[in-house]
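Visitor: Sharing start.txt, compact mmCIF, C-alpha atoms:
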```txt
# COMPACT_ATOMS: atom_id res chain seq x y z
CA MET V 30 -5.83 -20.92 -13.78
CA ILE V 31 -5.51 -18.03 -11.35
CA ASP V 32 -2.33 -16.03 -11.49
CA PRO V 33 -0.34 -16.81 -8.30
CA HIS V 34 1.12 -13.28 -8.29
CA LEU V 35 -2.26 -11.73 -7.47
CA HIS V 36 -2.01 -12.18 -3.70
CA HIS V 37 -3.51 -8.75 -2.98
CA VAL V 38 -6.84 -9.54 -4.66
CA PRO V 39 -9.47 -10.58 -2.10
CA ARG V 40 -11.30 -13.85 -2.43
CA LEU V 41 -15.01 -13.80 -2.99
CA GLY V 42 -17.08 -14.00 0.16
CA ARG V 43 -14.28 -12.94 2.50
CA HIS V 44 -14.65 -9.83 4.61
CA PRO V 45 -12.01 -7.89 6.52
CA SER V 46 -12.03 -8.15 10.28
CA ARG V 47 -13.82 -5.62 12.47
CA VAL V 48 -10.53 -4.54 14.00
CA ARG V 49 -9.17 -3.79 10.56
CA LEU V 50 -12.31 -1.93 9.50
CA HIS V 51 -12.81 0.19 12.61
CA GLY V 52 -9.35 0.24 14.18
CA THR V 53 -7.25 1.34 11.23
CA PRO V 54 -8.54 4.96 11.08
CA VAL V 55 -8.20 5.38 14.85
CA ILE V 56 -4.69 3.95 14.88
CA THR V 57 -3.58 6.18 11.98
CA VAL V 58 -4.88 9.30 13.75
CA MET V 59 -3.10 8.27 16.94
CA LEU V 60 0.13 7.63 15.01
CA GLY V 61 -0.28 11.04 13.38
CA SER V 62 -0.57 12.62 16.81
CA LEU V 63 2.59 10.79 17.86
CA LEU V 64 4.50 12.27 14.90
CA THR V 65 4.40 15.68 16.53
CA SER V 66 6.45 14.34 19.44
CA LEU V 67 9.48 13.63 17.25
CA PRO V 68 12.61 15.38 18.53
CA ILE V 69 12.75 18.22 16.01
CA ILE V 70 14.33 21.43 17.25
CA ALA V 71 12.74 24.62 15.96
CA GLN V 72 12.24 28.15 17.23
CA SER V 73 8.64 28.32 16.09
CA PRO V 74 5.90 25.74 15.48
CA ILE V 75 6.50 24.41 11.98
CA MET V 76 5.46 20.78 12.34
CA PRO V 77 1.91 20.29 11.03
CA PRO V 78 -0.58 18.68 13.40
CA PHE V 79 -0.70 15.31 11.63
CA GLY V 80 -3.32 13.95 14.01
CA LEU V 81 -5.71 16.72 13.00
CA LEU V 82 -4.86 16.27 9.33
CA LEU V 83 -5.58 12.56 9.49
CA LEU V 84 -8.79 13.14 11.44
CA LEU V 85 -10.01 15.60 8.80
CA SER V 86 -8.90 13.33 5.97
CA TRP V 87 -10.75 10.31 7.32
CA ARG V 88 -13.84 12.37 8.13
CA LEU V 89 -14.02 13.99 4.69
CA LEU V 90 -13.08 10.80 2.86
CA ARG V 91 -15.47 8.49 4.74
CA PRO V 92 -18.27 10.54 6.35
CA GLU V 93 -20.13 7.46 7.60
CA LEU V 94 -17.11 6.20 9.53
CA TRP V 95 -17.22 8.41 12.62
CA ARG V 96 -19.66 10.39 14.72
CA ALA V 97 -18.81 13.84 16.08
CA TRP V 98 -18.00 12.51 19.57
CA VAL V 99 -14.89 10.70 18.30
CA GLY V 100 -13.09 14.04 18.62
CA LEU V 101 -13.16 13.69 22.42
CA PRO V 102 -11.00 10.56 22.90
CA LEU V 103 -8.74 11.29 19.92
CA GLY V 104 -8.35 14.90 21.07
CA LEU V 105 -7.49 13.74 24.57
CA PHE V 106 -4.80 11.47 23.17
CA ASP V 107 -3.45 14.36 21.08
CA ASP V 108 -3.46 16.68 24.09
CA MET V 109 -1.54 14.17 26.18
CA VAL V 110 1.04 13.51 23.46
CA SER V 111 1.53 17.05 22.13
CA GLY V 112 1.68 18.87 25.45
CA GLN V 113 -1.20 21.23 24.72
CA PRO V 114 -3.49 22.08 27.65
CA ILE V 115 -5.76 19.11 28.35
CA GLY V 116 -9.11 19.72 26.71
CA SER V 117 -7.99 22.06 23.94
CA ALA V 118 -7.83 19.48 21.14
CA MET V 119 -10.79 17.65 22.65
CA PHE V 120 -12.90 20.80 22.36
CA LEU V 121 -11.52 22.00 19.04
CA TRP V 122 -11.69 18.64 17.25
CA THR V 123 -15.24 17.99 18.46
CA VAL V 124 -16.38 21.46 17.40
CA THR V 125 -14.68 20.93 14.04
CA LEU V 126 -16.44 17.61 13.48
CA ILE V 127 -19.79 19.15 14.45
CA GLY V 128 -19.11 21.97 11.98
CA ILE V 129 -18.29 19.48 9.23
CA ASP V 130 -21.54 17.65 9.99
CA ALA V 131 -23.43 20.95 9.69
CA ILE V 132 -21.77 21.72 6.37
CA GLU V 133 -22.51 18.23 5.05
CA TYR V 134 -26.13 18.64 6.04
CA ARG V 135 -26.35 21.72 3.82
CA LEU V 136 -24.38 20.37 0.86
CA VAL V 137 -25.79 17.57 -1.24
CA TRP V 138 -22.60 16.89 -3.21
CA ARG V 139 -19.07 17.90 -2.45
CA SER V 140 -16.11 18.24 -4.73
CA TYR V 141 -12.45 17.91 -3.89
CA ARG V 142 -12.03 21.69 -3.80
CA GLN V 143 -14.85 22.01 -1.30
CA ASP V 144 -13.21 19.35 0.88
CA TRP V 145 -9.96 21.30 0.74
CA LEU V 146 -11.80 24.51 1.67
CA ILE V 147 -13.54 22.76 4.59
CA ALA V 148 -10.19 21.38 5.77
CA THR V 149 -8.61 24.82 5.41
CA LEU V 150 -11.27 26.39 7.61
CA ALA V 151 -10.92 23.57 10.13
CA VAL V 152 -7.14 23.94 10.27
CA ILE V 153 -7.41 27.70 10.76
CA VAL V 154 -9.97 27.26 13.55
CA CYS V 155 -7.97 24.54 15.31
CA ALA V 156 -4.60 26.30 15.03
CA THR V 157 -6.05 29.61 16.19
CA GLY V 158 -7.89 27.88 19.02
CA GLY V 159 -4.77 25.97 20.06
CA TRP V 160 -2.80 29.21 20.11
CA PHE V 161 -5.55 30.87 22.16
CA PHE V 162 -5.77 28.01 24.69
CA ALA V 163 -2.00 27.91 25.08
CA ARG V 164 -1.90 31.66 25.60
CA ILE V 165 -4.63 31.84 28.25
CA THR V 166 -3.23 28.89 30.22
CA GLY V 167 0.21 30.41 30.68
CA GLY V 168 1.94 29.68 27.40
CA GLY V 169 3.53 33.11 27.34
CA SER V 170 3.01 36.00 24.99
CA VAL V 171 3.44 34.24 21.67
CA ARG V 172 2.58 36.30 18.63
CA PHE V 173 0.03 34.88 16.25
CA SER V 174 2.39 35.43 13.31
CA LEU V 175 4.54 32.54 14.59
CA VAL V 176 1.65 30.11 14.07
CA LEU V 177 0.95 31.21 10.47
CA PRO V 178 3.71 29.09 8.81
CA GLN V 179 2.40 25.99 10.59
CA MET V 180 -1.12 26.71 9.32
CA LEU V 181 0.18 27.23 5.78
CA TRP V 182 2.18 23.97 5.82
CA THR V 183 -0.81 22.10 7.18
CA ILE V 184 -3.16 23.46 4.51
CA LEU V 185 -0.71 22.66 1.72
CA LEU V 186 -0.07 19.16 3.07
CA PHE V 187 -3.77 18.22 3.19
CA PRO V 188 -4.02 16.79 -0.41
CA PHE V 189 -1.07 14.48 0.21
CA VAL V 190 -2.53 13.22 3.49
CA VAL V 191 -5.94 12.59 1.88
CA ARG V 192 -4.27 10.56 -0.85
CA GLN V 193 -2.43 8.47 1.74
CA CYS V 194 -5.66 7.93 3.67
CA ALA V 195 -7.32 6.76 0.46
CA ARG V 196 -4.54 4.20 -0.03
CA ILE V 197 -4.88 3.00 3.54
CA ASP V 198 -8.65 2.87 3.08
CA ARG V 199 -8.31 0.61 0.04
CA TRP V 200 -6.19 -1.78 2.10
CA ARG V 201 -8.61 -1.49 5.02
CA VAL V 202 -11.69 -2.63 3.09
CA MET V 203 -9.97 -5.41 1.14
CA ALA V 204 -10.29 -8.90 2.56
```
Represent the supplied structure as structure tokens.
Guide:
Amino acid sequence: MIDPHLHHVPRLGRHPSRVRLHGTPVITVMLGSLLTSLPIIAQSPIMPPFGLLLLLSWRLLRPELWRAWVGLPLGLFDDMVSGQPIGSAMFLWTVTLIGIDAIEYRLVWRSYRQDWLIATLAVIVCATGGWFFARITGGGSVRFSLVLPQMLWTILLFPFVVRQCARIDRWRVMA
């Protein structure tokens, strides 16, 4: 007799839908980009870019899931939601994904610490690039030191976001 309380266990031969398999990571990244539009009042940027964090988490957790071009539409959505100049996240996210592909080509095996180092470099590049794009398109004379706390919070939050992506990924692949 099968235990009736085991509703979360998939049945043999059943597969999750294509929308669930391919749509869940995209939807989570888009929801992460929407989190930055919450009405939080601050004098400096302290809210981590959750869309970027989720993009990096999914890419480092499941390398076969996305190609490098996925940074274009997801970056466009992030640019439209966050208010950054259009094209900044598109460019930075695509360059970041190409860089991760180049690093993966060189490394045969990766550990968790290497993933965290890769994400740290990606966060620094994207935050610095976002600051640069905002500055050259009329964002005012913002000092770079104001962006440093946001980068630090984002880097420290990466392990938590990867763990949440792993939980979502388990649900995603279960039938």
Visitor: Please list as a PyMOL selection string every residue within 6 Å of region 196-203 of chain V, counting only C-alpha atoms and excluding residues in the same chain fewer than 2 positions away.
Guide: chain V and resi 50+193-194
Visitor: Got a sec: who's within 8 Å of Leu101 (chain V), counting all atoms listed in the file, leaving out chain neighbours fewer than 4 positions off, as a compact mmCIF listing (two decimals) with C-alpha atoms, in the frame of the given file?
Guide:
```txt
# COMPACT_ATOMS: atom_id res chain seq x y z
CA LEU V 105 -7.49 13.74 24.57
CA ALA V 118 -7.83 19.48 21.14
CA MET V 119 -10.79 17.65 22.65
CA PHE V 120 -12.90 20.80 22.36
CA TRP V 122 -11.69 18.64 17.25
CA THR V 123 -15.24 17.99 18.46
```
Visitor: Could you please determine the separation between CA of Asp108 (chain V) and CA of Thr149 (chain V) in Å, to one decimal place?
Guide: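 Straight-line distance from CA of Asp108 (chain V) to CA of Thr149 (chain V) works out to 21.0 Å.
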Visitor: In terms of the shortest atom-to-atom distance over all atoms listed in the file, which of V:Val171, V:Met109, V:Val137, V:Ile56 is closest to Gln72 (chain V)?
Guide: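 With all atoms listed in the file as the atom set, the closest residue is V:Val171.
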Visitor: Which of these residues is nearest to Ile165 (chain V), using all atoms listed in the file: V:Gly100, V:Pro114, V:Pro45, V:Pro188?
Guide: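 Of V:Gly100, V:Pro114, V:Pro45, V:Pro188, the one nearest Ile165 (chain V), counting all atoms listed in the file, is V:Pro114.
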Visitor: Which polymer residues have any atom within 10 Å of an atom of Gly80 (chain V), counting all atoms listed in the file, with same-chain residues fewer than 6 positions away left out, as an MDAnalysis selection string?
Guide: chainID V and resid 55 57:65 86 103:104 106:107 111
Visitor: Restricting the output to C-alpha atoms, write the selected residues as a compact mmCIF listing (two decimals), keeping the file's coordinate frame.
Guide:
```txt
# COMPACT_ATOMS: atom_id res chain seq x y z
CA VAL V 55 -8.20 5.38 14.85
CA THR V 57 -3.58 6.18 11.98
CA VAL V 58 -4.88 9.30 13.75
CA MET V 59 -3.10 8.27 16.94
CA LEU V 60 0.13 7.63 15.01
CA GLY V 61 -0.28 11.04 13.38
CA SER V 62 -0.57 12.62 16.81
CA LEU V 63 2.59 10.79 17.86
CA LEU V 64 4.50 12.27 14.90
CA THR V 65 4.40 15.68 16.53
CA SER V 86 -8.90 13.33 5.97
CA LEU V 103 -8.74 11.29 19.92
CA GLY V 104 -8.35 14.90 21.07
CA PHE V 106 -4.80 11.47 23.17
CA ASP V 107 -3.45 14.36 21.08
CA SER V 111 1.53 17.05 22.13
```
Visitor: Grab the CA of Leu90 (chain V) to CA of Met76 (chain V) distance for me, in Å with one decimal place.
Guide: 23.1 Å
Visitor: Which one of V:Thr157, V:Leu150, V:Pro92, V:Leu126 sits closest to Arg172 (chain V) if you count only C-alpha atoms?
Guide: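 Smallest separation from Arg172 (chain V) among the options: V:Thr157.
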Visitor: Which one of V:Leu84, V:Leu89, V:Val110, V:Ala71 sits closest to Leu175 (chain V) if you count all atoms listed in the file?
Guide: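 Answer, going by the shortest atom-to-atom distance: V:Ala71.
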Visitor: Can you take the partial region 80-101 of chain V, add N, CA and C atoms, and return it as a PDB file, in the coordinates of the input?
Guide:
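part10.pdb, written as the output of this step:
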```
ATOM      1  N   GLY V  80      -2.124  14.583  13.455  1.00  0.00           N
ATOM      2  CA  GLY V  80      -3.320  13.950  14.010  1.00  0.00           C
ATOM      3  C   GLY V  80      -4.579  14.646  13.511  1.00  0.00           C
ATOM      4  N   LEU V  81      -4.576  15.960  13.525  1.00  0.00           N
ATOM      5  CA  LEU V  81      -5.710  16.720  13.000  1.00  0.00           C
ATOM      6  C   LEU V  81      -5.880  16.506  11.513  1.00  0.00           C
ATOM      7  N   LEU V  82      -4.781  16.500  10.777  1.00  0.00           N
ATOM      8  CA  LEU V  82      -4.860  16.270   9.330  1.00  0.00           C
ATOM      9  C   LEU V  82      -5.462  14.904   9.015  1.00  0.00           C
ATOM     10  N   LEU V  83      -5.040  13.890   9.737  1.00  0.00           N
ATOM     11  CA  LEU V  83      -5.580  12.560   9.490  1.00  0.00           C
ATOM     12  C   LEU V  83      -7.042  12.463   9.918  1.00  0.00           C
ATOM     13  N   LEU V  84      -7.396  13.119  11.010  1.00  0.00           N
ATOM     14  CA  LEU V  84      -8.790  13.140  11.440  1.00  0.00           C
ATOM     15  C   LEU V  84      -9.672  13.786  10.372  1.00  0.00           C
ATOM     16  N   LEU V  85      -9.239  14.921   9.856  1.00  0.00           N
ATOM     17  CA  LEU V  85     -10.010  15.600   8.800  1.00  0.00           C
ATOM     18  C   LEU V  85     -10.054  14.767   7.525  1.00  0.00           C
ATOM     19  N   SER V  86      -8.936  14.140   7.190  1.00  0.00           N
ATOM     20  CA  SER V  86      -8.900  13.330   5.970  1.00  0.00           C
ATOM     21  C   SER V  86      -9.863  12.161   6.053  1.00  0.00           C
ATOM     22  N   TRP V  87      -9.837  11.439   7.166  1.00  0.00           N
ATOM     23  CA  TRP V  87     -10.750  10.310   7.320  1.00  0.00           C
ATOM     24  C   TRP V  87     -12.193  10.787   7.341  1.00  0.00           C
ATOM     25  N   ARG V  88     -12.455  11.896   8.009  1.00  0.00           N
ATOM     26  CA  ARG V  88     -13.840  12.370   8.130  1.00  0.00           C
ATOM     27  C   ARG V  88     -14.386  12.837   6.781  1.00  0.00           C
ATOM     28  N   LEU V  89     -13.563  13.513   5.991  1.00  0.00           N
ATOM     29  CA  LEU V  89     -14.020  13.990   4.690  1.00  0.00           C
ATOM     30  C   LEU V  89     -14.009  12.886   3.646  1.00  0.00           C
ATOM     31  N   LEU V  90     -13.137  11.904   3.807  1.00  0.00           N
ATOM     32  CA  LEU V  90     -13.080  10.800   2.860  1.00  0.00           C
ATOM     33  C   LEU V  90     -14.196   9.793   3.102  1.00  0.00           C
ATOM     34  N   ARG V  91     -14.433   9.461   4.353  1.00  0.00           N
ATOM     35  CA  ARG V  91     -15.470   8.490   4.740  1.00  0.00           C
ATOM     36  C   ARG V  91     -16.385   9.115   5.786  1.00  0.00           C
ATOM     37  N   PRO V  92     -17.413   9.854   5.376  1.00  0.00           N
ATOM     38  CA  PRO V  92     -18.270  10.540   6.350  1.00  0.00           C
ATOM     39  C   PRO V  92     -19.050   9.594   7.260  1.00  0.00           C
ATOM     40  N   GLU V  93     -19.328   8.390   6.799  1.00  0.00           N
ATOM     41  CA  GLU V  93     -20.130   7.460   7.600  1.00  0.00           C
ATOM     42  C   GLU V  93     -19.302   6.743   8.660  1.00  0.00           C
ATOM     43  N   LEU V  94     -18.003   6.953   8.663  1.00  0.00           N
ATOM     44  CA  LEU V  94     -17.110   6.200   9.530  1.00  0.00           C
ATOM     45  C   LEU V  94     -17.218   6.612  10.995  1.00  0.00           C
ATOM     46  N   TRP V  95     -17.284   7.909  11.254  1.00  0.00           N
ATOM     47  CA  TRP V  95     -17.220   8.410  12.620  1.00  0.00           C
ATOM     48  C   TRP V  95     -18.372   9.339  12.934  1.00  0.00           C
ATOM     49  N   ARG V  96     -18.725   9.400  14.195  1.00  0.00           N
ATOM     50  CA  ARG V  96     -19.660  10.390  14.720  1.00  0.00           C
ATOM     51  C   ARG V  96     -18.832  11.574  15.240  1.00  0.00           C
ATOM     52  N   ALA V  97     -19.507  12.630  15.621  1.00  0.00           N
ATOM     53  CA  ALA V  97     -18.810  13.840  16.080  1.00  0.00           C
ATOM     54  C   ALA V  97     -18.115  13.624  17.426  1.00  0.00           C
ATOM     55  N   TRP V  98     -18.584  12.702  18.248  1.00  0.00           N
ATOM     56  CA  TRP V  98     -18.000  12.510  19.570  1.00  0.00           C
ATOM     57  C   TRP V  98     -16.619  11.874  19.528  1.00  0.00           C
ATOM     58  N   VAL V  99     -16.203  11.350  18.375  1.00  0.00           N
ATOM     59  CA  VAL V  99     -14.890  10.700  18.300  1.00  0.00           C
ATOM     60  C   VAL V  99     -13.764  11.722  18.494  1.00  0.00           C
ATOM     61  N   GLY V 100     -14.084  13.009  18.362  1.00  0.00           N
ATOM     62  CA  GLY V 100     -13.090  14.040  18.620  1.00  0.00           C
ATOM     63  C   GLY V 100     -12.656  14.107  20.078  1.00  0.00           C
ATOM     64  N   LEU V 101     -13.504  13.653  20.987  1.00  0.00           N
ATOM     65  CA  LEU V 101     -13.160  13.690  22.420  1.00  0.00           C
ATOM     66  C   LEU V 101     -12.015  12.742  22.768  1.00  0.00           C
TER      67      LEU V 101
END
```
